[in-house]
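Below is coords.cif, holding mmCIF, N, CA and C atoms and all ligand atoms.
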data_my_file
loop_
_atom_site.label_atom_id
_atom_site.label_comp_id
_atom_site.auth_asym_id
_atom_site.auth_seq_id
_atom_site.Cartn_x
_atom_site.Cartn_y
_atom_site.Cartn_z
N MET A 1 -93.23 -2.69 -136.86
CA MET A 1 -93.78 -2.57 -135.51
C MET A 1 -92.63 -2.57 -134.50
N THR A 2 -92.71 -1.70 -133.53
CA THR A 2 -91.64 -1.63 -132.54
C THR A 2 -91.81 -2.76 -131.53
N GLU A 3 -90.70 -3.10 -130.86
CA GLU A 3 -90.75 -4.13 -129.82
C GLU A 3 -91.76 -3.72 -128.74
N GLU A 4 -91.72 -2.41 -128.40
CA GLU A 4 -92.61 -1.88 -127.37
C GLU A 4 -94.07 -2.17 -127.72
N ARG A 5 -94.43 -1.85 -128.97
CA ARG A 5 -95.79 -2.01 -129.45
C ARG A 5 -96.17 -3.50 -129.48
N LYS A 6 -95.21 -4.31 -129.95
CA LYS A 6 -95.45 -5.75 -130.08
C LYS A 6 -95.81 -6.38 -128.74
N ASN A 7 -95.17 -5.91 -127.68
CA ASN A 7 -95.36 -6.54 -126.38
C ASN A 7 -96.38 -5.82 -125.50
N SER A 8 -96.95 -4.73 -125.98
CA SER A 8 -97.84 -3.94 -125.14
C SER A 8 -99.21 -4.59 -124.94
N GLY A 9 -99.61 -5.47 -125.87
CA GLY A 9 -100.92 -6.09 -125.77
C GLY A 9 -102.03 -5.15 -126.22
N GLU A 10 -101.66 -3.94 -126.70
CA GLU A 10 -102.68 -3.00 -127.18
C GLU A 10 -103.10 -3.35 -128.59
N PRO A 11 -104.34 -2.98 -128.96
CA PRO A 11 -104.77 -3.26 -130.33
C PRO A 11 -103.96 -2.44 -131.31
N PHE A 12 -103.90 -2.92 -132.54
CA PHE A 12 -103.17 -2.20 -133.57
C PHE A 12 -103.94 -0.97 -134.00
N GLU A 13 -103.20 0.09 -134.32
CA GLU A 13 -103.85 1.33 -134.77
C GLU A 13 -104.48 1.16 -136.13
N ASN A 14 -103.77 0.52 -137.03
CA ASN A 14 -104.26 0.38 -138.39
C ASN A 14 -105.04 -0.92 -138.55
N GLU A 15 -106.31 -0.86 -138.19
CA GLU A 15 -107.12 -2.08 -138.24
C GLU A 15 -107.48 -2.52 -139.64
N ARG A 16 -107.41 -1.61 -140.60
CA ARG A 16 -107.86 -1.93 -141.95
C ARG A 16 -106.74 -2.50 -142.81
N SER A 17 -105.56 -2.44 -142.32
CA SER A 17 -104.44 -2.90 -143.13
C SER A 17 -104.47 -4.40 -143.30
N THR A 18 -104.19 -4.84 -144.51
CA THR A 18 -104.07 -6.29 -144.74
C THR A 18 -102.61 -6.65 -144.89
N GLU A 19 -101.74 -5.65 -144.66
CA GLU A 19 -100.31 -5.95 -144.73
C GLU A 19 -99.91 -6.76 -143.52
N LYS A 20 -98.73 -7.33 -143.60
CA LYS A 20 -98.28 -8.21 -142.53
C LYS A 20 -98.12 -7.45 -141.21
N ILE A 21 -98.98 -7.75 -140.24
CA ILE A 21 -98.86 -7.20 -138.90
C ILE A 21 -98.76 -8.40 -137.98
N VAL A 22 -97.62 -8.55 -137.36
CA VAL A 22 -97.39 -9.73 -136.56
C VAL A 22 -97.27 -9.34 -135.09
N SER A 23 -98.08 -9.99 -134.27
CA SER A 23 -98.07 -9.66 -132.85
C SER A 23 -97.33 -10.72 -132.05
N SER A 24 -96.74 -11.65 -132.75
CA SER A 24 -96.13 -12.77 -132.07
C SER A 24 -94.73 -12.98 -132.62
N GLU A 25 -93.91 -13.61 -131.85
CA GLU A 25 -92.55 -13.90 -132.33
C GLU A 25 -92.54 -15.15 -133.19
N ASN A 26 -93.66 -15.86 -133.21
CA ASN A 26 -93.74 -17.09 -134.00
C ASN A 26 -94.21 -16.75 -135.41
N MET A 27 -93.32 -16.86 -136.37
CA MET A 27 -93.69 -16.59 -137.76
C MET A 27 -93.59 -17.87 -138.57
N PHE A 28 -94.51 -18.03 -139.50
CA PHE A 28 -94.50 -19.21 -140.37
C PHE A 28 -93.48 -19.04 -141.48
N SER A 29 -93.12 -20.16 -142.08
CA SER A 29 -92.33 -20.15 -143.30
C SER A 29 -93.18 -19.54 -144.41
N GLU A 30 -92.53 -18.93 -145.40
CA GLU A 30 -93.29 -18.31 -146.49
C GLU A 30 -93.89 -19.34 -147.45
N LYS A 31 -93.28 -20.49 -147.53
CA LYS A 31 -93.76 -21.55 -148.44
C LYS A 31 -94.14 -22.78 -147.64
N PRO A 32 -95.10 -23.55 -148.06
CA PRO A 32 -95.90 -23.38 -149.26
C PRO A 32 -97.05 -22.40 -149.03
N THR A 33 -97.46 -21.73 -150.09
CA THR A 33 -98.65 -20.88 -150.04
C THR A 33 -99.89 -21.77 -150.11
N LEU A 34 -101.05 -21.21 -149.91
CA LEU A 34 -102.29 -22.00 -150.05
C LEU A 34 -102.42 -22.51 -151.48
N GLU A 35 -102.01 -21.70 -152.45
CA GLU A 35 -102.07 -22.16 -153.84
C GLU A 35 -101.09 -23.32 -154.05
N ASP A 36 -99.93 -23.26 -153.44
CA ASP A 36 -98.99 -24.38 -153.53
C ASP A 36 -99.64 -25.66 -152.98
N ILE A 37 -100.30 -25.53 -151.82
CA ILE A 37 -100.94 -26.69 -151.18
C ILE A 37 -102.06 -27.22 -152.08
N ARG A 38 -102.86 -26.31 -152.65
CA ARG A 38 -103.95 -26.72 -153.55
C ARG A 38 -103.38 -27.51 -154.73
N SER A 39 -102.34 -26.97 -155.31
CA SER A 39 -101.73 -27.57 -156.48
C SER A 39 -101.07 -28.92 -156.15
N LEU A 40 -100.37 -28.98 -155.01
CA LEU A 40 -99.73 -30.24 -154.59
C LEU A 40 -100.78 -31.34 -154.38
N GLN A 41 -101.90 -30.98 -153.75
CA GLN A 41 -102.94 -31.97 -153.48
C GLN A 41 -103.64 -32.40 -154.77
N GLU A 42 -103.83 -31.45 -155.67
CA GLU A 42 -104.44 -31.78 -156.96
C GLU A 42 -103.58 -32.80 -157.71
N GLU A 43 -102.28 -32.56 -157.70
CA GLU A 43 -101.34 -33.47 -158.36
C GLU A 43 -101.34 -34.84 -157.67
N PHE A 44 -101.31 -34.83 -156.34
CA PHE A 44 -101.30 -36.05 -155.53
C PHE A 44 -102.54 -36.90 -155.84
N SER A 45 -103.69 -36.25 -155.92
CA SER A 45 -104.94 -36.97 -156.18
C SER A 45 -105.01 -37.48 -157.62
N ALA A 46 -104.59 -36.65 -158.56
CA ALA A 46 -104.64 -37.04 -159.97
C ALA A 46 -103.74 -38.24 -160.22
N GLU A 47 -102.55 -38.25 -159.60
CA GLU A 47 -101.61 -39.36 -159.78
C GLU A 47 -102.20 -40.69 -159.29
N ARG A 48 -103.14 -40.63 -158.38
CA ARG A 48 -103.74 -41.84 -157.79
C ARG A 48 -105.16 -42.10 -158.30
N ASN A 49 -105.61 -41.28 -159.22
CA ASN A 49 -106.98 -41.39 -159.75
C ASN A 49 -108.01 -41.31 -158.62
N TRP A 50 -107.78 -40.37 -157.70
CA TRP A 50 -108.67 -40.22 -156.55
C TRP A 50 -109.66 -39.08 -156.71
N ASN A 51 -109.55 -38.32 -157.78
CA ASN A 51 -110.47 -37.19 -157.93
C ASN A 51 -111.93 -37.64 -157.89
N GLN A 52 -112.18 -38.84 -158.41
CA GLN A 52 -113.54 -39.38 -158.41
C GLN A 52 -114.13 -39.48 -156.99
N TYR A 53 -113.27 -39.65 -156.00
CA TYR A 53 -113.76 -39.76 -154.61
C TYR A 53 -113.80 -38.41 -153.89
N HIS A 54 -113.12 -37.43 -154.48
CA HIS A 54 -112.99 -36.15 -153.79
C HIS A 54 -114.15 -35.20 -154.08
N THR A 55 -115.34 -35.64 -153.70
CA THR A 55 -116.52 -34.79 -153.79
C THR A 55 -116.48 -33.87 -152.56
N PRO A 56 -117.15 -32.73 -152.63
CA PRO A 56 -117.14 -31.82 -151.47
C PRO A 56 -117.57 -32.50 -150.17
N ARG A 57 -118.62 -33.31 -150.23
CA ARG A 57 -119.09 -33.97 -148.99
C ARG A 57 -118.05 -34.94 -148.44
N ASN A 58 -117.47 -35.75 -149.31
CA ASN A 58 -116.44 -36.70 -148.85
C ASN A 58 -115.25 -35.98 -148.23
N ILE A 59 -114.84 -34.89 -148.85
CA ILE A 59 -113.69 -34.15 -148.31
C ILE A 59 -114.04 -33.49 -146.98
N LEU A 60 -115.25 -32.98 -146.88
CA LEU A 60 -115.68 -32.38 -145.61
C LEU A 60 -115.64 -33.41 -144.48
N LEU A 61 -116.13 -34.62 -144.77
CA LEU A 61 -116.13 -35.66 -143.73
C LEU A 61 -114.70 -36.07 -143.37
N ALA A 62 -113.82 -36.12 -144.35
CA ALA A 62 -112.41 -36.43 -144.08
C ALA A 62 -111.79 -35.33 -143.21
N LEU A 63 -112.15 -34.09 -143.51
CA LEU A 63 -111.65 -32.95 -142.73
C LEU A 63 -112.08 -33.06 -141.27
N VAL A 64 -113.34 -33.37 -141.06
CA VAL A 64 -113.86 -33.51 -139.70
C VAL A 64 -113.13 -34.65 -138.97
N GLY A 65 -112.87 -35.73 -139.69
CA GLY A 65 -112.11 -36.85 -139.11
C GLY A 65 -110.72 -36.40 -138.65
N GLU A 66 -110.07 -35.58 -139.45
CA GLU A 66 -108.73 -35.10 -139.10
C GLU A 66 -108.78 -34.13 -137.92
N VAL A 67 -109.83 -33.32 -137.84
CA VAL A 67 -110.00 -32.45 -136.67
C VAL A 67 -110.12 -33.32 -135.41
N GLY A 68 -110.81 -34.45 -135.55
CA GLY A 68 -110.94 -35.40 -134.44
C GLY A 68 -109.57 -35.95 -134.04
N GLU A 69 -108.75 -36.30 -135.04
CA GLU A 69 -107.42 -36.83 -134.73
C GLU A 69 -106.56 -35.78 -134.02
N LEU A 70 -106.69 -34.52 -134.43
CA LEU A 70 -105.95 -33.43 -133.77
C LEU A 70 -106.45 -33.26 -132.33
N SER A 71 -107.77 -33.31 -132.17
CA SER A 71 -108.37 -33.13 -130.84
C SER A 71 -107.94 -34.24 -129.89
N GLU A 72 -107.78 -35.44 -130.44
CA GLU A 72 -107.41 -36.60 -129.63
C GLU A 72 -106.08 -36.37 -128.89
N ILE A 73 -105.17 -35.64 -129.51
CA ILE A 73 -103.86 -35.41 -128.89
C ILE A 73 -104.02 -34.54 -127.63
N PHE A 74 -105.01 -33.64 -127.67
CA PHE A 74 -105.23 -32.72 -126.54
C PHE A 74 -106.18 -33.31 -125.50
N GLN A 75 -106.86 -34.39 -125.89
CA GLN A 75 -107.88 -34.97 -125.03
C GLN A 75 -107.29 -35.41 -123.69
N TRP A 76 -107.96 -35.08 -122.62
CA TRP A 76 -107.65 -35.47 -121.24
C TRP A 76 -106.41 -34.77 -120.69
N LYS A 77 -105.86 -33.82 -121.40
CA LYS A 77 -104.68 -33.13 -120.88
C LYS A 77 -105.04 -31.93 -120.01
N GLY A 78 -106.31 -31.53 -120.00
CA GLY A 78 -106.68 -30.30 -119.31
C GLY A 78 -106.21 -29.13 -120.13
N GLU A 79 -106.23 -27.91 -119.57
CA GLU A 79 -105.79 -26.74 -120.32
C GLU A 79 -104.28 -26.84 -120.57
N VAL A 80 -103.86 -26.45 -121.75
CA VAL A 80 -102.42 -26.50 -122.07
C VAL A 80 -101.92 -25.08 -122.35
N LYS A 81 -100.66 -24.85 -122.07
CA LYS A 81 -100.08 -23.51 -122.21
C LYS A 81 -99.66 -23.23 -123.64
N VAL A 82 -99.59 -21.93 -123.98
CA VAL A 82 -99.12 -21.50 -125.30
C VAL A 82 -97.72 -22.06 -125.54
N GLY A 83 -97.53 -22.64 -126.70
CA GLY A 83 -96.23 -23.22 -127.04
C GLY A 83 -96.13 -24.70 -126.66
N LEU A 84 -97.14 -25.21 -125.98
CA LEU A 84 -97.22 -26.61 -125.59
C LEU A 84 -95.99 -27.11 -124.82
N PRO A 85 -95.55 -26.35 -123.78
CA PRO A 85 -94.34 -26.78 -123.06
C PRO A 85 -94.45 -28.14 -122.37
N GLU A 86 -95.70 -28.57 -122.08
CA GLU A 86 -95.87 -29.87 -121.41
C GLU A 86 -95.81 -31.04 -122.39
N PHE A 87 -95.86 -30.76 -123.68
CA PHE A 87 -95.86 -31.83 -124.67
C PHE A 87 -94.44 -32.32 -124.93
N THR A 88 -94.32 -33.61 -125.22
CA THR A 88 -93.03 -34.15 -125.65
C THR A 88 -92.78 -33.69 -127.09
N GLU A 89 -91.55 -33.80 -127.54
CA GLU A 89 -91.23 -33.43 -128.93
C GLU A 89 -92.05 -34.28 -129.90
N GLU A 90 -92.23 -35.54 -129.54
CA GLU A 90 -93.01 -36.45 -130.39
C GLU A 90 -94.47 -36.00 -130.49
N GLU A 91 -95.03 -35.57 -129.35
CA GLU A 91 -96.42 -35.09 -129.35
C GLU A 91 -96.55 -33.80 -130.18
N LYS A 92 -95.57 -32.91 -130.05
CA LYS A 92 -95.63 -31.66 -130.83
C LYS A 92 -95.53 -31.95 -132.32
N LYS A 93 -94.70 -32.92 -132.68
CA LYS A 93 -94.58 -33.30 -134.09
C LYS A 93 -95.91 -33.86 -134.59
N HIS A 94 -96.53 -34.66 -133.74
CA HIS A 94 -97.84 -35.24 -134.08
C HIS A 94 -98.89 -34.15 -134.28
N VAL A 95 -98.87 -33.13 -133.42
CA VAL A 95 -99.79 -31.99 -133.54
C VAL A 95 -99.62 -31.35 -134.92
N GLY A 96 -98.36 -31.11 -135.31
CA GLY A 96 -98.09 -30.50 -136.62
C GLY A 96 -98.58 -31.37 -137.77
N GLN A 97 -98.44 -32.68 -137.62
CA GLN A 97 -98.89 -33.60 -138.68
C GLN A 97 -100.41 -33.55 -138.83
N GLU A 98 -101.11 -33.58 -137.70
CA GLU A 98 -102.58 -33.57 -137.77
C GLU A 98 -103.10 -32.20 -138.24
N MET A 99 -102.41 -31.12 -137.82
CA MET A 99 -102.79 -29.78 -138.33
C MET A 99 -102.61 -29.75 -139.85
N SER A 100 -101.56 -30.38 -140.33
CA SER A 100 -101.32 -30.43 -141.78
C SER A 100 -102.44 -31.18 -142.49
N ASP A 101 -102.87 -32.30 -141.92
CA ASP A 101 -103.99 -33.05 -142.51
C ASP A 101 -105.23 -32.16 -142.59
N VAL A 102 -105.49 -31.41 -141.51
CA VAL A 102 -106.66 -30.53 -141.48
C VAL A 102 -106.53 -29.45 -142.56
N LEU A 103 -105.37 -28.83 -142.64
CA LEU A 103 -105.17 -27.76 -143.62
C LEU A 103 -105.28 -28.28 -145.05
N ILE A 104 -104.65 -29.41 -145.30
CA ILE A 104 -104.69 -29.98 -146.65
C ILE A 104 -106.13 -30.28 -147.07
N TYR A 105 -106.90 -30.89 -146.17
CA TYR A 105 -108.30 -31.18 -146.51
C TYR A 105 -109.13 -29.91 -146.63
N LEU A 106 -108.84 -28.90 -145.81
CA LEU A 106 -109.59 -27.64 -145.92
C LEU A 106 -109.32 -26.98 -147.28
N VAL A 107 -108.06 -26.97 -147.67
CA VAL A 107 -107.71 -26.37 -148.96
C VAL A 107 -108.32 -27.21 -150.10
N ARG A 108 -108.30 -28.52 -149.95
CA ARG A 108 -108.89 -29.39 -150.97
C ARG A 108 -110.41 -29.16 -151.07
N LEU A 109 -111.04 -28.97 -149.90
CA LEU A 109 -112.48 -28.70 -149.88
C LEU A 109 -112.78 -27.40 -150.63
N ALA A 110 -112.00 -26.37 -150.34
CA ALA A 110 -112.20 -25.09 -151.03
C ALA A 110 -112.02 -25.27 -152.54
N ASP A 111 -111.02 -26.04 -152.92
CA ASP A 111 -110.75 -26.28 -154.34
C ASP A 111 -111.93 -27.00 -155.00
N ARG A 112 -112.43 -28.04 -154.34
CA ARG A 112 -113.52 -28.84 -154.91
C ARG A 112 -114.85 -28.08 -154.88
N CYS A 113 -114.94 -27.04 -154.03
CA CYS A 113 -116.13 -26.17 -154.00
C CYS A 113 -115.93 -24.96 -154.90
N LYS A 114 -114.75 -24.86 -155.51
CA LYS A 114 -114.39 -23.72 -156.37
C LYS A 114 -114.53 -22.39 -155.62
N ILE A 115 -113.93 -22.39 -154.43
CA ILE A 115 -113.88 -21.18 -153.61
C ILE A 115 -112.42 -20.73 -153.51
N ASP A 116 -112.20 -19.46 -153.79
CA ASP A 116 -110.86 -18.89 -153.69
C ASP A 116 -110.60 -18.60 -152.21
N LEU A 117 -109.99 -19.55 -151.53
CA LEU A 117 -109.86 -19.48 -150.07
C LEU A 117 -109.09 -18.26 -149.58
N PRO A 118 -107.92 -17.91 -150.15
CA PRO A 118 -107.23 -16.71 -149.65
C PRO A 118 -108.09 -15.46 -149.78
N ALA A 119 -108.83 -15.34 -150.88
CA ALA A 119 -109.71 -14.17 -151.06
C ALA A 119 -110.83 -14.20 -150.02
N ALA A 120 -111.38 -15.38 -149.76
CA ALA A 120 -112.45 -15.51 -148.75
C ALA A 120 -111.93 -15.15 -147.36
N VAL A 121 -110.68 -15.51 -147.08
CA VAL A 121 -110.07 -15.20 -145.78
C VAL A 121 -109.95 -13.69 -145.61
N LEU A 122 -109.49 -13.00 -146.64
CA LEU A 122 -109.37 -11.54 -146.55
C LEU A 122 -110.72 -10.88 -146.34
N GLN A 123 -111.75 -11.39 -147.05
CA GLN A 123 -113.11 -10.85 -146.87
C GLN A 123 -113.58 -11.07 -145.43
N LYS A 124 -113.26 -12.25 -144.89
CA LYS A 124 -113.70 -12.59 -143.54
C LYS A 124 -113.05 -11.67 -142.51
N PHE A 125 -111.75 -11.38 -142.69
CA PHE A 125 -111.09 -10.44 -141.77
C PHE A 125 -111.75 -9.08 -141.83
N GLU A 126 -112.09 -8.66 -143.04
CA GLU A 126 -112.75 -7.36 -143.21
C GLU A 126 -114.08 -7.35 -142.45
N GLN A 127 -114.86 -8.42 -142.60
CA GLN A 127 -116.14 -8.53 -141.87
C GLN A 127 -115.92 -8.53 -140.36
N ASN A 128 -114.92 -9.28 -139.92
CA ASN A 128 -114.66 -9.38 -138.48
C ASN A 128 -114.21 -8.06 -137.88
N ARG A 129 -113.47 -7.26 -138.67
CA ARG A 129 -113.07 -5.94 -138.19
C ARG A 129 -114.30 -5.07 -137.93
N HIS A 130 -115.32 -5.22 -138.77
CA HIS A 130 -116.54 -4.45 -138.57
C HIS A 130 -117.37 -5.00 -137.40
N LYS A 131 -117.40 -6.33 -137.31
CA LYS A 131 -118.16 -6.97 -136.23
C LYS A 131 -117.53 -6.70 -134.86
N TYR A 132 -116.22 -6.70 -134.84
CA TYR A 132 -115.49 -6.58 -133.58
C TYR A 132 -114.49 -5.41 -133.64
N PRO A 133 -115.01 -4.16 -133.59
CA PRO A 133 -114.08 -3.02 -133.62
C PRO A 133 -113.19 -3.07 -132.37
N ALA A 134 -111.88 -3.01 -132.56
CA ALA A 134 -110.94 -3.19 -131.44
C ALA A 134 -111.24 -2.24 -130.28
N LYS A 135 -111.60 -1.01 -130.60
CA LYS A 135 -111.85 -0.04 -129.51
C LYS A 135 -113.03 -0.45 -128.65
N LYS A 136 -114.04 -1.10 -129.28
CA LYS A 136 -115.25 -1.51 -128.55
C LYS A 136 -115.06 -2.81 -127.76
N VAL A 137 -114.33 -3.71 -128.33
CA VAL A 137 -114.29 -5.07 -127.77
C VAL A 137 -113.00 -5.40 -127.03
N TYR A 138 -112.11 -4.44 -126.96
CA TYR A 138 -110.78 -4.68 -126.39
C TYR A 138 -110.85 -5.39 -125.03
N GLY A 139 -110.28 -6.57 -124.96
CA GLY A 139 -110.24 -7.32 -123.70
C GLY A 139 -111.53 -8.03 -123.35
N LYS A 140 -112.53 -7.99 -124.26
CA LYS A 140 -113.81 -8.65 -123.99
C LYS A 140 -113.99 -9.83 -124.93
N SER A 141 -114.70 -10.86 -124.48
CA SER A 141 -114.86 -12.05 -125.32
C SER A 141 -116.31 -12.28 -125.72
N ASP A 142 -117.17 -11.26 -125.58
CA ASP A 142 -118.57 -11.43 -125.93
C ASP A 142 -118.74 -11.63 -127.43
N LYS A 143 -119.86 -12.28 -127.80
CA LYS A 143 -120.20 -12.43 -129.20
C LYS A 143 -120.55 -11.06 -129.79
N TYR A 144 -120.43 -10.91 -131.12
CA TYR A 144 -120.64 -9.61 -131.76
C TYR A 144 -122.01 -9.02 -131.47
N THR A 145 -123.02 -9.87 -131.20
CA THR A 145 -124.37 -9.36 -130.95
C THR A 145 -124.42 -8.51 -129.68
N ALA A 146 -123.47 -8.71 -128.79
CA ALA A 146 -123.43 -7.93 -127.55
C ALA A 146 -123.00 -6.49 -127.80
N TYR A 147 -122.43 -6.20 -128.99
CA TYR A 147 -121.92 -4.85 -129.27
C TYR A 147 -122.82 -4.08 -130.23
N GLU A 148 -123.92 -4.70 -130.67
CA GLU A 148 -124.80 -4.04 -131.65
C GLU A 148 -125.67 -2.98 -130.99
MG MG B 1 -104.39 -37.56 -139.59
#
How does the structure come out when it is put into structure tokens?
Amino acid sequence: MTEERKNSGEPFENERSTEKIVSSENMFSEKPTLEDIRSLQEEFSAERNWNQYHTPRNILLALVGEVGELSEIFQWKGEVKVGLPEFTEEEKKHVGQEMSDVLIYLVRLADRCKIDLPAAVLQKFEQNRHKYPAKKVYGKSDKYTAYE
């Protein structure tokens, strides 16, 4: 993607591509993959004999708790800017920690429900491309039912 295209704010031409299309300068590290996270958590739980507690419902409730902890950091701050410039380094580190808790529990939930999460994510993007065709919805925030 050219710099021009990246900064234009226009929708991508190739909406069906699942190849890496990045519209932001912020890129994640390649590791760990979701499978790495699934496997690390499985090992972590097995080492502690915690699998017995990791039922789908229990993990879902733990996930919701972690979303609450993440939300707490943003609570009462009003709207915050992209990149969190108003946050201290300590607060940003805390945000990353709570996001990690959320991700780890989400991946664990998928594992305990026997759902292939990366495959489900790709299917979801495919569905969303149909629900929200870029040409129709460009710059609009309406729900998909508004475009039917
Ligand atoms: Mg936490």
Please, which residues have at least one atom within 6 Å of an atom of ligand MG 1 (chain B), using only N, CA and C atoms and all ligand atoms, listed as an NGL selection string? :A and (66 or 69 or 97-98 or 101)
Applying 9 Å and only C-alpha atoms, which residues near Cys113 (chain A) remain after dropping the ones on its own chain fewer than 4 positions away? List them as a list in words.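 Near neighbours after the sequence-gap exclusion: Thr55, Pro56, Arg108 and Leu109 of chain A.
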Write down as number ranges by chain the residues of chain A whose backbone DSSP state falls under alpha helix (DSSP H). A: 3-8, 34-47, 56-74, 89-112, 117-131, 134-137
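Using only C-alpha atoms, the protein and nucleic acid residues lying no more than 12 Å from Thr145 (chain A), apart from those fewer than 5 places from it along its own chain, are His130, Lys131, Tyr132 and Val137 of chain A.
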Interatomic distance between CA of Leu40 (chain A) and CA of His54 (chain A)?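 Atom-to-atom, CA of Leu40 (chain A) to CA of His54 (chain A), that is 14.5 Å.
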Just the residues within 9 Å of Asp111 (chain A), please, counting only C-alpha atoms, with nothing from its chain fewer than 5 positions along; format it as a list in words.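 Surrounding residues, per the criterion: Arg38, Glu42, Pro56, Leu106, Asp116 and Leu117 of chain A.
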